[in-house]
Structure formats: C-alpha cells, structure tokens
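Asks: Please find query-v7.txt (compact mmCIF, C-alpha atoms) on the next line:
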# COMPACT_ATOMS: atom_id res chain seq x y z
CA MET A 16 142.37 198.59 193.68
CA ASP A 17 140.64 201.33 195.72
CA ILE A 18 137.24 200.22 194.44
CA ALA A 19 138.08 196.61 195.33
CA ARG A 20 139.11 197.51 198.87
CA THR A 21 136.02 199.67 199.26
CA ALA A 22 133.79 196.84 198.04
CA ALA A 23 135.41 194.35 200.42
CA SER A 24 135.04 196.76 203.33
CA LEU A 25 131.38 197.34 202.60
CA PHE A 26 130.68 193.63 202.08
CA VAL A 27 132.28 192.88 205.46
CA ALA A 28 130.62 195.79 207.28
CA ASP A 29 127.15 195.72 205.74
CA GLY A 30 126.87 192.29 204.17
CA LEU A 31 126.95 191.25 200.54
CA ARG A 32 123.21 191.42 200.00
CA ALA A 33 122.81 194.83 201.60
CA THR A 34 125.61 196.40 199.58
CA ARG A 35 124.73 197.78 196.16
CA ALA A 36 127.14 198.67 193.37
CA GLU A 37 126.02 202.27 193.78
CA ASP A 38 127.04 202.15 197.47
CA ILE A 39 130.49 200.93 196.48
CA ALA A 40 130.84 203.62 193.83
CA ARG A 41 129.79 206.37 196.23
CA ALA A 42 132.12 205.17 198.99
CA ALA A 43 135.01 204.85 196.51
CA GLY A 44 134.39 208.35 195.21
CA VAL A 45 133.47 207.36 191.67
CA ALA A 46 130.31 207.62 189.63
CA PRO A 47 128.20 204.47 189.24
CA ARG A 48 128.90 204.68 185.51
CA THR A 49 132.63 204.51 186.22
CA PHE A 50 132.07 201.52 188.50
CA TYR A 51 130.18 199.67 185.77
CA ARG A 52 132.89 200.52 183.24
CA TYR A 53 135.26 198.34 185.27
CA PHE A 54 132.92 195.76 186.81
CA ALA A 55 129.75 194.14 185.51
CA THR A 56 128.55 193.23 189.01
CA LYS A 57 129.24 194.27 192.58
CA GLU A 58 130.81 190.86 193.28
CA GLU A 59 133.35 191.36 190.48
CA ALA A 60 134.59 194.45 192.28
CA VAL A 61 136.65 192.28 194.66
CA ALA A 62 138.32 190.34 191.83
CA PRO A 63 141.41 192.57 191.99
CA LEU A 64 141.94 191.54 195.63
CA PHE A 65 141.87 187.85 194.71
CA ALA A 66 144.11 188.56 191.72
CA ALA A 67 146.61 190.43 193.90
CA GLY A 68 146.96 187.40 196.16
CA ALA A 69 147.49 185.14 193.18
CA GLN A 70 150.06 187.57 191.79
CA GLN A 71 151.95 187.53 195.09
CA TRP A 72 152.21 183.75 194.88
CA ALA A 73 153.29 183.91 191.23
CA GLU A 74 155.99 186.43 192.03
CA ALA A 75 157.16 184.29 194.94
CA VAL A 76 157.42 181.27 192.61
CA ARG A 77 159.42 183.41 190.18
CA ARG A 78 161.77 184.55 192.97
CA ALA A 79 162.32 181.04 194.37
CA PRO A 80 166.02 180.14 194.24
CA GLU A 81 167.12 178.42 191.02
CA GLY A 82 168.46 175.28 192.66
CA LEU A 83 165.15 174.29 194.22
CA SER A 84 163.07 171.50 192.72
CA VAL A 85 159.53 172.34 191.63
CA PRO A 86 157.94 171.12 194.89
CA GLN A 87 160.58 172.93 196.95
CA ALA A 88 160.04 176.13 194.97
CA LEU A 89 156.27 175.90 195.48
CA ARG A 90 156.67 175.41 199.24
CA HIS A 91 159.14 178.28 199.37
CA ALA A 92 156.70 180.46 197.42
CA VAL A 93 153.63 179.80 199.59
CA THR A 94 155.66 180.40 202.72
CA ASP A 95 156.73 183.74 201.29
CA ALA A 96 153.43 184.79 199.70
CA LEU A 97 151.07 183.71 202.46
CA ALA A 98 153.14 184.84 205.43
CA ALA A 99 151.17 187.03 207.78
CA ASP A 100 154.24 188.91 208.92
CA ASP A 101 152.82 192.43 209.12
CA ALA A 102 149.54 194.16 209.91
CA ALA A 103 148.72 194.82 206.23
CA ALA A 104 149.11 191.13 205.34
CA VAL A 105 146.93 190.08 208.27
CA ALA A 106 144.24 192.62 207.29
CA SER A 107 144.32 191.41 203.69
CA LEU A 108 143.97 187.78 204.77
CA ASP A 109 141.09 188.73 207.07
CA TRP A 110 139.29 190.22 204.06
CA VAL A 111 139.94 187.05 202.07
CA ARG A 112 138.53 184.97 204.94
CA SER A 113 135.39 187.11 205.11
CA LEU A 114 134.90 187.13 201.35
CA LEU A 115 135.33 183.36 201.03
CA ARG A 116 132.83 182.81 203.81
CA MET A 117 130.37 185.02 201.92
CA ALA A 118 131.12 183.11 198.72
CA GLY A 119 129.62 180.04 200.36
CA GLU A 120 126.22 181.69 200.02
CA SER A 121 126.79 183.66 196.83
CA PRO A 122 127.18 181.88 193.49
CA ALA A 123 128.30 185.18 191.92
CA LEU A 124 131.09 185.71 194.46
CA ARG A 125 132.04 182.04 194.23
CA ALA A 126 132.39 182.49 190.45
CA VAL A 127 134.73 185.46 190.97
CA TRP A 128 136.88 183.30 193.29
CA ALA A 129 136.85 180.42 190.80
CA ASP A 130 137.93 182.72 187.97
CA ALA A 131 140.79 184.05 190.09
CA CYS A 132 141.88 180.50 190.92
CA HIS A 133 141.81 179.49 187.26
CA ALA A 134 143.85 182.55 186.24
CA SER A 135 146.33 181.76 189.00
CA GLU A 136 146.72 178.21 187.69
CA GLU A 137 147.43 179.52 184.18
CA THR A 138 150.04 181.91 185.57
CA LEU A 139 151.61 179.11 187.58
CA LEU A 140 151.78 176.92 184.48
CA ALA A 141 153.70 179.63 182.62
CA LEU A 142 156.10 180.03 185.54
CA LEU A 143 156.68 176.29 185.81
CA MET A 144 157.38 176.16 182.09
CA GLU A 145 160.04 178.84 182.59
CA ARG A 146 161.45 177.03 185.60
CA VAL A 147 161.93 173.72 183.77
CA SER A 148 162.75 175.38 180.42
CA ALA A 149 159.77 173.85 178.62
CA ALA A 150 158.80 175.31 175.26
CA GLU A 151 155.33 173.76 175.35
CA PRO A 152 153.09 172.86 178.29
CA SER A 153 153.13 169.08 178.53
CA PRO A 154 150.17 167.29 180.09
CA GLU A 155 152.39 166.51 183.09
CA LEU A 156 153.28 170.17 183.53
CA ARG A 157 149.63 171.19 183.20
CA LEU A 158 148.75 168.59 185.82
CA ALA A 159 151.51 169.81 188.12
CA ALA A 160 150.22 173.40 187.90
CA GLY A 161 146.64 172.23 188.44
CA VAL A 162 147.46 170.04 191.41
CA ALA A 163 149.64 172.67 193.08
CA SER A 164 146.98 175.32 192.50
CA ALA A 165 144.30 173.04 193.93
CA ALA A 166 146.44 172.35 197.00
CA VAL A 167 146.86 176.06 197.70
CA ARG A 168 143.17 176.77 196.95
CA VAL A 169 142.13 174.03 199.39
CA ALA A 170 144.48 175.45 202.01
CA VAL A 171 143.08 178.98 201.60
CA GLU A 172 139.46 177.77 201.66
CA SER A 173 140.06 175.48 204.65
CA TRP A 174 141.81 178.24 206.58
CA ALA A 175 139.04 180.71 205.69
CA ALA A 176 136.37 178.30 206.98
CA GLY A 177 138.05 178.09 210.38
CA ASP A 178 139.24 180.50 213.03
CA ALA A 179 143.00 179.86 213.01
CA PRO A 180 145.16 182.95 213.07
CA ALA A 181 146.64 184.17 209.79
CA GLY A 182 150.22 183.55 210.89
CA GLY A 183 152.20 181.15 212.99
CA ALA A 184 152.30 177.37 213.12
CA GLY A 185 148.55 177.03 212.50
CA GLY A 186 148.34 179.86 209.99
CA LEU A 187 147.65 179.92 206.31
CA ALA A 188 151.24 179.55 205.06
CA ALA A 189 151.78 176.51 207.28
CA LEU A 190 148.53 174.95 206.09
CA ALA A 191 149.45 175.58 202.44
CA VAL A 192 152.85 173.94 202.94
CA ARG A 193 151.07 170.98 204.55
CA CYS A 194 148.67 170.68 201.60
CA LEU A 195 151.55 170.84 199.12
CA GLY A 196 153.33 168.19 201.22
CA ALA A 197 150.47 165.81 200.50
CA LEU A 198 151.74 165.84 196.91
CA ASP A 199 155.21 164.48 197.72
CA GLY A 200 154.67 161.33 195.68
CA PHE A 201 153.50 163.32 192.66
CA PRO A 202 155.67 162.84 189.53
CA TRP A 203 156.84 166.44 189.23
CA PRO A 204 158.46 167.47 185.93
Please express what this file holds, its structure, as structure tokens.
Replies:
Amino acid sequence: MDIARTAASLFVADGLRATRAEDIARAAGVAPRTFYRYFATKEEAVAPLFAAGAQQWAEAVRRAPEGLSVPQALRHAVTDALAADDAAAVASLDWVRSLLRMAGESPALRAVWADACHASEETLLALLMERVSAAEPSPELRLAAGVASAAVRVAVESWAAGDAPAGGAGGLAALAVRCLGALDGFPWP
C-alpha cells in the first residue's frame, strides 16, 4: 500500500505523464525491480487504493444489519463506506478524485479503475449471495450486483468530476445513496 500511496502522491503532485515508475520506486524506497515485481505499469501502482475503497464497501455490505432488505443494506453500506467523517477519509477521497480526473486522459489509468470496479462487482455478487442464502448466482442476482455497482461507480465518477465536498449533504455518500435510490423499482432478489 505504501507504493500505491506514493504513486498517487506523485501523480497528483507532478502529473501522470511526468511521473515514471522509477520515480515511484525511488520515492517509496524500493528498487525499480521490486516495483516491477508488483506492478507491470506505473498506472497499476494505484490499483491497491481503488481496491481498498471497494473492500471498504464490501465490508460495509457484510456488516449491514441482517433485517435489512438488499436495497436497504446497500444504502446502509455506502453511507458507512463513503462517509468522509475524518481527515484520513477526506484525504483518501481527494486522491480518488484526482486519480479519476487523470483517468479521463489516460486509457491505462482508466483500465485500472475499470478492473477495480469489475472486481468490486464480483465481490458484491458473492456478498449478496450470502445475504439471500443463494447457492448459485442467478441472473437476477448478477444483475442486482451489476446495477448496484454501476450506481456506486456513477456516483463516485460524478462526484470526482465536480467540486462538491467529500462529506455532508452534497458529499459522495449522499450522492451514492441518491444513485442507489434511482433503483427503487428494481426487482431485487
């Protein structure tokens, strides 16, 4: 995770194009060979940051109270996972905002984000299967995971494109709840 944070810091400070993998390695205190053992490209170095955010959401879905319906559990989870309730969370979301803005001009960084979103959807599917006690992923359950993941992805990308604060009524968690609310008529399992 140190290499990922270092990469994000350098991308934000110096720009994606100006930052080389060797710069990231040096700043993280590792040899370039070590860097390339973990990451094929400099853009992939931030994948652990995207994955950590997805893992926070997954854990929040897992922790959602048993009695909640699937849509209620998802709303509960995004409120918990995307809350900007401390300085570390706000700093992390600021990095995500910066990285997603850079991804608009970098197919390689966009691919890293897309991979993280796909992995998050697969994790969500497994959690929803647990939640509804499904032995196999039905097409409806796959669709539910895909739609919920897309709603949260759209919320994160929309928030990142703007200048709203990370927290509060106009923050990321509120936007994600709003996007999930657009799915109220969806036939949840």
Asks: Pick out the residues sitting within 10 Å of region 115-132 of chain A, and hand them over as a short mmCIF file (atom, residue, chain, number, x, y, z; two decimals) with C-alpha atoms, in the frame of the given file; count only C-alpha atoms, and ignore anything fewer than 6 positions along from it in its own chain.
Replies:
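Contents of the output file out08.cif:
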data_model
loop_
_atom_site.label_atom_id
_atom_site.label_comp_id
_atom_site.auth_asym_id
_atom_site.auth_seq_id
_atom_site.Cartn_x
_atom_site.Cartn_y
_atom_site.Cartn_z
CA PHE A 26 130.68 193.63 202.08
CA VAL A 27 132.28 192.88 205.46
CA GLY A 30 126.87 192.29 204.17
CA LEU A 31 126.95 191.25 200.54
CA ARG A 32 123.21 191.42 200.00
CA THR A 56 128.55 193.23 189.01
CA LYS A 57 129.24 194.27 192.58
CA GLU A 58 130.81 190.86 193.28
CA GLU A 59 133.35 191.36 190.48
CA ALA A 60 134.59 194.45 192.28
CA VAL A 61 136.65 192.28 194.66
CA ALA A 62 138.32 190.34 191.83
CA PRO A 63 141.41 192.57 191.99
CA LEU A 64 141.94 191.54 195.63
CA PHE A 65 141.87 187.85 194.71
CA ALA A 66 144.11 188.56 191.72
CA ALA A 67 146.61 190.43 193.90
CA GLY A 68 146.96 187.40 196.16
CA ALA A 69 147.49 185.14 193.18
CA ASP A 109 141.09 188.73 207.07
CA THR A 138 150.04 181.91 185.57
CA GLY A 161 146.64 172.23 188.44
CA SER A 164 146.98 175.32 192.50
CA ALA A 165 144.30 173.04 193.93
CA VAL A 167 146.86 176.06 197.70
CA ARG A 168 143.17 176.77 196.95
CA VAL A 171 143.08 178.98 201.60
CA GLU A 172 139.46 177.77 201.66
CA SER A 173 140.06 175.48 204.65
CA TRP A 174 141.81 178.24 206.58
CA ALA A 175 139.04 180.71 205.69
CA ALA A 176 136.37 178.30 206.98
CA GLY A 177 138.05 178.09 210.38
#
Asks: Around the point (154.8, 183.1, 198.4), in the coordinates given by the file, pick out the residues reaching within 12 Å, counting all atoms listed in the file, and return them as an MDAnalysis selection string.
Replies: chainID A and resid 67:79 87:99 139 167 187:189 191:192
Asks: Could you tell me how far CA of Gly183 (chain A) lies from CA of Ala166 (chain A), in Å and to one decimal?
Replies: 19.1 Å
Asks: Please indicate the distance in Å from CA of Ile18 (chain A) to CA of Leu108 (chain A), rounded to one decimal place.
Replies: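 Taking CA of Ile18 (chain A) and CA of Leu108 (chain A), their separation equals 17.5 Å.
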Asks: Of the candidates A:Ala181, A:Ala36, A:Ala170, A:Leu198, which shows the shortest atom-to-atom distance to Ala103 (chain A), using all atoms listed in the file?
Replies: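 Of A:Ala181, A:Ala36, A:Ala170, A:Leu198, the one nearest Ala103 (chain A), counting all atoms listed in the file, is A:Ala181.
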Asks: Using only C-alpha atoms, which residue out of A:Ala28, A:Val105, A:Ala22, A:Ala55 lies closest to Ala43 (chain A)?
Replies: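 Among the listed residues, the smallest separation from Ala43 (chain A) belongs to A:Ala22.
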Asks: Please identify all polymer residues within 9 Å of Arg146 (chain A), counting all atoms listed in the file, omitting same-chain residues fewer than 3 positions from it, and present them as a PyMOL selection string.
Replies: chain A and resi 77+81+85+141-143+149
Asks: What is the distance between CA of Ala104 (chain A) and CA of Leu195 (chain A), in Å to one decimal?
Replies: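 Interatomic distance, CA of Ala104 (chain A) to CA of Leu195 (chain A): 21.4 Å.
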Asks: Nearest to Ala163 (chain A) among A:Arg48, A:Arg112, A:Arg20, A:Arg193, with distances taken over all atoms listed in the file: which residue is it?
Replies: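 Distance minimum relative to Ala163 (chain A) lands on A:Arg193.
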Asks: Measuring atom to atom with only C-alpha atoms, identify which of A:Ala106, A:Leu114, A:Arg52, A:Leu25 is nearest to Ile39 (chain A).
Replies: A:Leu25
Asks: For region 132-143 of chain A, which lacks atoms in the input, supply all heavy atoms and format the output as a PDB file, keeping the file's coordinate frame.
Replies:
ATOM      1  N   CYS A 132     141.107 181.730 190.750  1.00  0.00           N
ATOM      2  CA  CYS A 132     141.880 180.500 190.920  1.00  0.00           C
ATOM      3  C   CYS A 132     142.330 179.934 189.582  1.00  0.00           C
ATOM      4  O   CYS A 132     143.471 179.482 189.432  1.00  0.00           O
ATOM      5  CB  CYS A 132     141.062 179.458 191.695  1.00  0.00           C
ATOM      6  SG  CYS A 132     140.805 179.901 193.424  1.00  0.00           S
ATOM      7  N   HIS A 133     141.454 179.985 188.588  1.00  0.00           N
ATOM      8  CA  HIS A 133     141.810 179.490 187.260  1.00  0.00           C
ATOM      9  C   HIS A 133     142.924 180.349 186.647  1.00  0.00           C
ATOM     10  O   HIS A 133     143.890 179.823 186.089  1.00  0.00           O
ATOM     11  CB  HIS A 133     140.593 179.474 186.328  1.00  0.00           C
ATOM     12  CG  HIS A 133     140.918 179.017 184.950  1.00  0.00           C
ATOM     13  ND1 HIS A 133     141.210 177.701 184.647  1.00  0.00           N
ATOM     14  CD2 HIS A 133     141.056 179.703 183.793  1.00  0.00           C
ATOM     15  CE1 HIS A 133     141.495 177.604 183.367  1.00  0.00           C
ATOM     16  NE2 HIS A 133     141.411 178.800 182.826  1.00  0.00           N
ATOM     17  N   ALA A 134     142.810 181.654 186.771  1.00  0.00           N
ATOM     18  CA  ALA A 134     143.850 182.550 186.240  1.00  0.00           C
ATOM     19  C   ALA A 134     145.178 182.307 186.948  1.00  0.00           C
ATOM     20  O   ALA A 134     146.241 182.306 186.313  1.00  0.00           O
ATOM     21  CB  ALA A 134     143.416 184.004 186.398  1.00  0.00           C
ATOM     22  N   SER A 135     145.118 182.049 188.239  1.00  0.00           N
ATOM     23  CA  SER A 135     146.330 181.760 189.000  1.00  0.00           C
ATOM     24  C   SER A 135     146.991 180.473 188.511  1.00  0.00           C
ATOM     25  O   SER A 135     148.220 180.393 188.383  1.00  0.00           O
ATOM     26  CB  SER A 135     145.985 181.635 190.496  1.00  0.00           C
ATOM     27  OG  SER A 135     147.115 181.268 191.231  1.00  0.00           O
ATOM     28  N   GLU A 136     146.185 179.477 188.212  1.00  0.00           N
ATOM     29  CA  GLU A 136     146.720 178.210 187.690  1.00  0.00           C
ATOM     30  C   GLU A 136     147.414 178.425 186.351  1.00  0.00           C
ATOM     31  O   GLU A 136     148.478 177.870 186.099  1.00  0.00           O
ATOM     32  CB  GLU A 136     145.591 177.196 187.541  1.00  0.00           C
ATOM     33  CG  GLU A 136     146.041 175.853 187.035  1.00  0.00           C
ATOM     34  CD  GLU A 136     144.906 174.868 186.905  1.00  0.00           C
ATOM     35  OE1 GLU A 136     143.975 174.898 187.738  1.00  0.00           O
ATOM     36  OE2 GLU A 136     144.947 174.051 185.969  1.00  0.00           O
ATOM     37  N   GLU A 137     146.821 179.237 185.479  1.00  0.00           N
ATOM     38  CA  GLU A 137     147.430 179.520 184.180  1.00  0.00           C
ATOM     39  C   GLU A 137     148.763 180.259 184.352  1.00  0.00           C
ATOM     40  O   GLU A 137     149.737 179.972 183.656  1.00  0.00           O
ATOM     41  CB  GLU A 137     146.474 180.338 183.302  1.00  0.00           C
ATOM     42  CG  GLU A 137     145.256 179.551 182.851  1.00  0.00           C
ATOM     43  CD  GLU A 137     145.608 178.362 181.974  1.00  0.00           C
ATOM     44  OE1 GLU A 137     146.446 178.510 181.058  1.00  0.00           O
ATOM     45  OE2 GLU A 137     145.041 177.275 182.214  1.00  0.00           O
ATOM     46  N   THR A 138     148.797 181.194 185.284  1.00  0.00           N
ATOM     47  CA  THR A 138     150.040 181.910 185.570  1.00  0.00           C
ATOM     48  C   THR A 138     151.086 180.959 186.112  1.00  0.00           C
ATOM     49  O   THR A 138     152.259 181.007 185.714  1.00  0.00           O
ATOM     50  CB  THR A 138     149.782 183.061 186.562  1.00  0.00           C
ATOM     51  OG1 THR A 138     148.817 183.949 185.995  1.00  0.00           O
ATOM     52  CG2 THR A 138     151.053 183.815 186.898  1.00  0.00           C
ATOM     53  N   LEU A 139     150.681 180.080 187.019  1.00  0.00           N
ATOM     54  CA  LEU A 139     151.610 179.110 187.580  1.00  0.00           C
ATOM     55  C   LEU A 139     152.158 178.193 186.490  1.00  0.00           C
ATOM     56  O   LEU A 139     153.360 177.884 186.475  1.00  0.00           O
ATOM     57  CB  LEU A 139     150.943 178.289 188.687  1.00  0.00           C
ATOM     58  CG  LEU A 139     151.837 177.244 189.349  1.00  0.00           C
ATOM     59  CD1 LEU A 139     153.061 177.891 189.988  1.00  0.00           C
ATOM     60  CD2 LEU A 139     151.049 176.451 190.385  1.00  0.00           C
ATOM     61  N   LEU A 140     151.311 177.768 185.580  1.00  0.00           N
ATOM     62  CA  LEU A 140     151.780 176.920 184.480  1.00  0.00           C
ATOM     63  C   LEU A 140     152.880 177.620 183.695  1.00  0.00           C
ATOM     64  O   LEU A 140     153.927 177.029 183.403  1.00  0.00           O
ATOM     65  CB  LEU A 140     150.615 176.553 183.559  1.00  0.00           C
ATOM     66  CG  LEU A 140     150.983 175.767 182.297  1.00  0.00           C
ATOM     67  CD1 LEU A 140     151.664 174.448 182.635  1.00  0.00           C
ATOM     68  CD2 LEU A 140     149.744 175.546 181.442  1.00  0.00           C
ATOM     69  N   ALA A 141     152.684 178.885 183.368  1.00  0.00           N
ATOM     70  CA  ALA A 141     153.700 179.630 182.620  1.00  0.00           C
ATOM     71  C   ALA A 141     155.004 179.732 183.412  1.00  0.00           C
ATOM     72  O   ALA A 141     156.097 179.568 182.849  1.00  0.00           O
ATOM     73  CB  ALA A 141     153.175 181.025 182.274  1.00  0.00           C
ATOM     74  N   LEU A 142     154.904 179.941 184.712  1.00  0.00           N
ATOM     75  CA  LEU A 142     156.100 180.030 185.540  1.00  0.00           C
ATOM     76  C   LEU A 142     156.823 178.693 185.648  1.00  0.00           C
ATOM     77  O   LEU A 142     158.058 178.639 185.632  1.00  0.00           O
ATOM     78  CB  LEU A 142     155.735 180.541 186.939  1.00  0.00           C
ATOM     79  CG  LEU A 142     155.303 181.995 186.990  1.00  0.00           C
ATOM     80  CD1 LEU A 142     154.739 182.335 188.359  1.00  0.00           C
ATOM     81  CD2 LEU A 142     156.468 182.908 186.647  1.00  0.00           C
ATOM     82  N   LEU A 143     156.058 177.613 185.757  1.00  0.00           N
ATOM     83  CA  LEU A 143     156.680 176.290 185.810  1.00  0.00           C
ATOM     84  C   LEU A 143     157.365 175.950 184.496  1.00  0.00           C
ATOM     85  O   LEU A 143     158.435 175.333 184.479  1.00  0.00           O
ATOM     86  CB  LEU A 143     155.659 175.220 186.196  1.00  0.00           C
ATOM     87  CG  LEU A 143     155.093 175.313 187.610  1.00  0.00           C
ATOM     88  CD1 LEU A 143     154.108 174.181 187.875  1.00  0.00           C
ATOM     89  CD2 LEU A 143     156.193 175.333 188.657  1.00  0.00           C
TER      90      LEU A 143
END
